[in-house]
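One file, query28.txt, is given below (compact mmCIF, C-alpha atoms).
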```txt
# COMPACT_ATOMS: atom_id res chain seq x y z
CA MET A 460 61.21 103.61 114.33
CA THR A 461 61.20 106.96 112.61
CA TRP A 462 59.17 110.01 113.44
CA SER A 463 57.46 109.98 110.05
CA PHE A 464 56.14 106.48 110.82
CA VAL A 465 54.78 107.66 114.17
CA ALA A 466 53.22 110.72 112.54
CA ARG A 467 51.49 108.52 109.93
CA CYS A 468 50.12 106.15 112.58
CA PHE A 469 48.64 108.90 114.72
CA ARG A 470 47.36 111.11 111.92
CA PRO A 471 43.72 112.06 112.46
CA THR A 472 41.44 110.33 110.01
CA THR A 473 37.78 110.66 109.31
CA VAL A 474 35.61 107.61 109.64
CA GLU A 475 32.12 107.59 108.30
CA CYS A 476 29.60 105.40 110.02
CA ALA A 477 26.30 104.67 108.34
CA ASN A 478 24.71 103.22 111.48
CA VAL A 479 25.21 106.09 113.91
CA VAL A 480 22.38 106.22 116.45
CA LYS A 481 21.52 109.76 117.46
CA PRO A 482 20.09 110.19 120.95
CA ASP A 483 16.42 111.13 121.14
CA TYR A 484 16.52 113.98 123.67
CA GLN A 485 12.74 114.46 123.62
CA LYS A 486 12.24 110.82 124.64
CA MET A 487 14.87 111.18 127.39
CA LYS A 488 13.15 114.29 128.77
CA ARG A 489 9.76 112.57 128.64
CA VAL A 490 11.10 109.48 130.46
CA LEU A 491 12.89 111.60 133.07
CA ASP A 492 9.68 113.53 133.72
CA ARG A 493 7.77 110.28 134.17
CA CYS A 494 10.46 108.92 136.49
CA LEU A 495 10.44 112.01 138.69
CA ARG A 496 6.65 111.66 139.00
CA LEU A 497 7.03 107.92 139.81
CA ARG A 498 5.10 106.88 136.70
CA CYS A 499 5.70 104.01 134.28
CA PRO A 500 8.64 105.03 132.07
CA ALA A 501 7.07 103.38 129.02
CA CYS A 502 3.52 104.79 129.05
CA GLY A 503 3.40 107.22 131.98
CA ASP A 504 -0.16 106.19 132.89
CA SER A 505 0.28 104.25 136.13
CA GLY A 506 2.50 104.57 139.18
CA ILE A 507 5.38 102.19 139.83
CA ALA A 508 4.49 101.71 143.51
CA THR A 509 1.39 100.16 145.05
CA GLN A 510 2.17 101.38 148.56
CA PRO A 511 5.26 102.57 150.44
CA PHE A 512 8.23 100.31 149.66
CA ARG A 513 6.16 98.07 147.38
CA ILE A 514 7.08 98.27 143.69
CA ARG A 515 4.50 96.91 141.25
CA HIS A 516 5.35 93.73 139.39
CA HIS A 517 4.39 95.37 136.09
CA CYS A 518 2.46 98.30 134.65
CA PRO A 519 -1.28 97.48 134.53
CA ASN A 520 -1.68 99.66 131.43
CA CYS A 521 1.17 98.64 129.07
CA LEU A 522 2.31 95.46 130.91
CA SER A 523 5.95 96.64 131.08
CA LEU A 524 7.73 94.49 133.64
CA PHE A 525 9.14 96.40 136.64
CA LYS A 526 10.37 93.49 138.76
CA ARG A 527 12.71 91.38 136.72
CA GLU A 528 15.35 88.75 137.40
CA ASP A 529 17.26 88.52 140.66
CA GLY A 530 19.88 91.22 140.82
CA PHE A 531 18.02 93.74 138.64
CA PHE A 532 17.33 95.87 141.72
CA VAL A 533 21.08 96.34 142.34
CA GLY A 534 21.02 99.23 139.87
CA ALA A 535 18.29 100.94 141.90
CA ILE A 536 20.37 100.46 145.05
CA LEU A 537 23.37 101.93 143.23
CA ALA A 538 21.31 104.96 142.17
CA ASN A 539 20.14 105.43 145.75
CA VAL A 540 23.61 105.13 147.31
CA VAL A 541 25.33 107.41 144.79
CA THR A 542 22.60 110.05 145.03
CA THR A 543 22.72 109.92 148.83
CA GLU A 544 26.49 110.40 148.81
CA LEU A 545 26.24 113.34 146.41
CA VAL A 546 23.53 115.01 148.51
CA ILE A 547 25.59 114.53 151.68
CA LEU A 548 28.70 115.99 150.02
CA PHE A 549 26.77 118.99 148.71
CA ILE A 550 25.17 119.66 152.10
CA CYS A 551 28.49 119.17 153.91
CA PHE A 552 30.36 121.65 151.72
CA SER A 553 27.48 124.12 151.87
CA LEU A 554 27.36 124.02 155.67
CA LEU A 555 31.15 124.30 155.91
CA LEU A 556 31.03 127.41 153.72
CA ILE A 557 28.37 128.91 155.97
CA GLY A 558 30.68 128.39 158.93
CA LEU A 559 28.77 125.99 161.18
CA LYS A 560 30.63 123.98 163.79
CA TYR A 561 31.93 120.70 162.48
CA GLU A 562 30.26 118.70 165.29
CA ASN A 563 26.84 120.13 164.38
CA ILE A 564 27.44 119.41 160.70
CA LEU A 565 28.24 115.76 161.48
CA ILE A 566 25.04 115.33 163.49
CA PHE A 567 22.99 116.90 160.70
CA LEU A 568 24.71 114.78 158.03
CA PHE A 569 24.12 111.62 160.06
CA ILE A 570 20.39 112.38 160.14
CA ILE A 571 20.38 113.09 156.40
CA ALA A 572 22.26 109.82 155.77
CA LEU A 573 19.51 107.92 157.60
CA VAL A 574 16.48 109.73 156.18
CA PHE A 575 17.40 110.50 152.56
CA PRO A 576 17.87 106.92 151.25
CA VAL A 577 14.52 105.91 152.69
CA ALA A 578 12.78 108.95 151.22
CA PHE A 579 14.51 108.46 147.84
CA TYR A 580 13.72 104.71 147.58
CA HIS A 581 10.89 104.94 145.04
CA HIS A 582 12.69 107.56 142.98
CA SER A 583 15.81 105.40 142.73
CA TRP A 584 13.69 102.51 141.43
CA SER A 585 11.94 104.83 139.02
CA LEU A 586 15.18 106.33 137.69
CA TRP A 587 16.69 102.87 137.26
CA LEU A 588 13.61 101.68 135.36
CA GLY A 589 13.77 104.79 133.19
CA PHE A 590 17.45 104.20 132.45
CA ASP A 591 16.72 100.59 131.54
CA TYR A 592 13.78 101.67 129.36
CA ILE A 593 15.95 104.14 127.42
CA VAL A 594 18.82 101.66 126.98
CA GLU A 595 16.94 98.49 126.07
CA SER A 596 13.19 99.00 126.60
CA LEU A 597 11.24 97.16 129.28
CA PRO A 598 10.11 93.59 128.67
CA LYS A 599 6.39 92.85 128.75
CA SER A 600 4.79 90.78 131.48
CA GLU A 601 3.39 87.40 130.45
CA GLY A 602 -0.38 86.75 130.07
CA GLU A 603 -1.90 84.96 133.07
CA ALA A 604 0.82 86.01 135.49
CA ALA A 605 0.18 89.65 134.53
CA LYS A 606 -3.57 89.30 135.13
CA ARG A 607 -2.97 87.62 138.49
CA HIS A 608 -0.55 90.37 139.65
CA THR A 609 -2.89 93.12 138.41
CA ARG A 610 -5.71 91.78 140.57
CA HIS A 611 -3.48 91.56 143.66
CA ASN A 612 -1.83 94.99 143.22
```

Could you quickly redo this structure as structure tokens?
Amino acid sequence: MTWSFVARCFRPTTVECANVVKPDYQKMKRVLDRCLRLRCPACGDSGIATQPFRIRHHCPNCLSLFKREDGFFVGAILANVVTTELVILFICFSLLLIGLKYENILIFLFIIALVFPVAFYHHSWSLWLGFDYIVESLPKSEGEAAKRHTRHN
């Protein structure tokens, strides 16, 4: 193998793609705003929760389905766990920089580790629904089942 062959193989080339999808940043900002306010990512008119720790089956306004197949909620759990870990790391490093005793930091972090995931539950669901809406849109709820769930929620 010669060096000229290697140089030809790894030469930068330009490739033109006709079907390049450009991200819609305005839509992403709008969906993120709706998610942070715990609103439907599709229409923004109704909340995603009926009461604490109860996620609606679907949006009563646009019928976007919130509760989908088994396993869909794993993404919301992932969002909750990762966010909790990042918050704990940030708080830990901040308190270490301040100079608090390590024993006191551990007690405080233990309390945060218990409280934060519970407090962030609805937001993790909302962010996961928003991510799913941006990536592939939310499916619509079916006719009679949607009416039945709307009456009970």

For Ile571 of chain A, the nearest of the candidates A:Ser596, A:Asn520, A:Thr509, A:Thr542, counting all atoms listed in the file: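 Closest residue, counting all atoms listed in the file: A:Thr542.
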
Separation of atom CA of His517 of chain A from atom CA of Leu597 of chain A, in Å and rounded to one decimal: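 Separation of atom CA of His517 of chain A and atom CA of Leu597 of chain A: 9.8 Å.
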
Atomic separation - atom CA of Ser600 of chain A relative to atom CA of Arg527 of chain A, Å: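 Result for atom CA of Arg527 of chain A versus atom CA of Ser600 of chain A: 9.5 Å, one decimal.
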
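Pairwise distance (atom CA of Phe531 of chain A, atom CA of Leu548 of chain A) equals 27.2 Å.
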
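Remark: for Ala501 of chain A, the closest of the candidate residues A:Pro482, A:Glu601, A:Leu568, A:Gly589 is A:Gly589 (distances computed over all atoms listed in the file).
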
Residue nearest Arg515 of chain A among A:Leu573, A:Ile593, A:Val533, A:Leu588 (counting only C-alpha atoms): A:Leu588
